[in-house]
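For reference, the structure discussed in these notes is given below.
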Amino acid sequence: MPAWFSGHSTDFKALPYTWRMSVSVKIILGLVAAFGVAMLGMFLQLNRFLDTPIDIQGTDTVFEVRPGMPFGQISSALAERGIIDQPTLFRLYARIVDKAGRVHVGEYPIENGMTPKQILDMFVVGDVRLYSFTIVEGWTFRELLDALNRDPIVVKSTVHEDWPGLLDSLGAEVSHPEGLFLPETYRFPKGTTDIALLRQAYELMQETLAAEWDARAPDLSVASPYEALVLASIIEKETALASERPRISGVFTRRLEQRMRLQTDPTVIYGIGEEFNGNLTRRDLRTDTPYNTYTRSGLPPTPIALPGRAAINAALNPAPGTEIYFVATGLGDGSHKFSNTKAEHDAAVQEYLARQRAARNR
């Protein structure tokens, strides 16, 4: 027996250096192995959690990531809603892959069968739930703001009286907001402001107007894209049948070319404003305003409504012809009767009035 092993000493330091090193290495290797096993187990558990489809037991749900919401709070809220069952693993994975700070604000549709990994990827991509808002052709700017104000999702931040500041923020080169926002259906996430939607509609109108102006017919009576917008707004308000837009545009174009007054009722009504009671009288037609095209020649100073793409296209591509008058037929289909002479037009007006009287007497 070696001399160092005799007796009952338990002093580890008294053991030979090589033996002590061998024991230390074994201990370290054992700890490393235990750590490796623990890490492997955690890795397997993490992957199993990430790839296991969720079961939200019922219909799909919507989860909202609010502004300033820490990722830990997001994980806890998901667990509280029963969407995930291991928020700690969810937080751990998000930090490992450096996605915890890259989550977008918004509402997310959580579908039954998604995995936690897919949910996190959706948060990072910002694939949020979208809502719709439709700007209707022929609305006025005031009607547009009223509709935005009634929308339950849009965040309200402006009123009609704020429009000068709105134009400044948009960088608009005109001094009136009417007609500047393209009628379309816009998709947006929760938390979007009315200003953001108006900016989108304004920019799309600018793009549309520029494209239509570049493709316009030659030798038009309108001298600028803005004049085209004004004319398009009148066409929009006068048209009930889409097929008649180019023809109505042709009538107004020829009137402008011949220096005839447009004599269109919608401009008069716009000039009356909120005081209009729905009954346009002869007195109204004789009362001068900047928008009364019975008392003033040429186009009114601004658009009178929000024209759509088709009306803009019609204003810049009028149908050829010789008609310089039109009046509603009264047939109930929104159609008009077009005339070349004042006598023909007066006869068409009488036909319309006769149909109106007959309808009232039924």
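Order determines the names: the first chain of the structure tokens is A, the second B, and so forth; residues in each chain are numbered 1 upward, and ligands are numbered 1 upward as they are shown.
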
Task: Test item: residues at most 9 Å from Leu145 (chain A), only C-alpha atoms, excluding those fewer than 5 positions along its chain, as JSON, numbers by chain - done: {"A": [140, 150, 158, 159, 160, 194]}

- [ ] Could you give me, as a PyMOL selection string, each residue of region 75-308 of chain A that DSSP assigns to helix (DSSP H, G or I) when run on this structure's backbone?
- [x] chain A and resi 75-80+87-96+116-125+141-150+160-170+194-214+225-238+242-257+265-275+282-286

Open item on the list: Give me the residues near Val124 (chain A) as a ChimeraX atom specification, where near means some atom within 12 Å (using only C-alpha atoms) and where sequence neighbours in that chain fewer than 4 positions away do not count.
Closed with: /A:65,71,94,97-106,108,117-120,128

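With only C-alpha atoms as the atoms that count, the minimum distance from Glu236 (chain A) to the choices A:Asp288, A:Glu137, A:Glu203, A:Glu161 is reached by A:Glu137.
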
TODO: Using backbone DSSP assignments, extract all strand (DSSP E or B) residues from region 212-329 of chain A; output them as number ranges by chain.
DONE: A: 325-328

Using the selection just defined, write its residues with N, CA and C atoms as a compact mmCIF listing (two decimals), in the first residue's frame.
```
# COMPACT_ATOMS: atom_id res chain seq x y z
N TYR A 325 -76.99 69.86 -74.26
CA TYR A 325 -77.99 69.86 -73.20
C TYR A 325 -78.25 68.42 -72.75
N PHE A 326 -78.66 68.27 -71.51
CA PHE A 326 -79.21 66.98 -71.06
C PHE A 326 -80.10 67.23 -69.86
N VAL A 327 -81.09 66.33 -69.69
CA VAL A 327 -82.01 66.41 -68.58
C VAL A 327 -82.42 65.00 -68.21
N ALA A 328 -82.78 64.78 -66.96
CA ALA A 328 -83.21 63.46 -66.52
C ALA A 328 -84.45 63.04 -67.28
```

Task: Å distance separating CA of Phe133 (chain A) from CA of Gly308 (chain A), one decimal place - done: 15.3 Å

Quick one: contact table of region 290-342 of chain A to region 263-280 of chain A, 6 Å max, nearest atom pair and distance in Å to one decimal per residue, counting only C-alpha atoms, chain and number order, as a tab-separated table?
```
residue	atom	partner	partner_atom	distance
A:Tyr291	CA	A:Gly271	CA	5.0
A:Asn292	CA	A:Val268	CA	4.6
A:Thr293	CA	A:Gln263	CA	4.9
A:Tyr294	CA	A:Gln263	CA	4.5
```

Take the residues that were just selected and, keeping N, CA and C atoms, output them as a compact mmCIF listing (two decimals), in the first residue's frame.
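Saved the output as out-v3.txt:
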```
# COMPACT_ATOMS: atom_id res chain seq x y z
N TYR A 291 -70.26 79.40 -56.81
CA TYR A 291 -70.52 78.07 -57.37
C TYR A 291 -71.76 78.02 -58.25
N ASN A 292 -72.42 79.16 -58.44
CA ASN A 292 -73.64 79.17 -59.24
C ASN A 292 -73.27 79.24 -60.71
N THR A 293 -73.36 78.10 -61.41
CA THR A 293 -72.98 78.06 -62.82
C THR A 293 -74.12 78.52 -63.74
N TYR A 294 -75.22 78.99 -63.13
CA TYR A 294 -76.25 79.67 -63.91
C TYR A 294 -75.94 81.16 -64.01
```

Task: Within 9 Å of Leu331 (chain A) using only C-alpha atoms, minus same-chain residues under 5 positions, as a ChimeraX atom specification - done: /A:336,352,355

For the residues selected in the previous step, produce a file with C-alpha atoms as a PDB file, in the first residue's frame.
```
ATOM      1  CA  HIS A 336     -80.771  61.368 -69.216  1.00  0.00           C
ATOM      2  CA  TYR A 352     -89.632  64.787 -67.658  1.00  0.00           C
ATOM      3  CA  ARG A 355     -93.600  61.803 -66.012  1.00  0.00           C
TER       4      ARG A 355
END
```
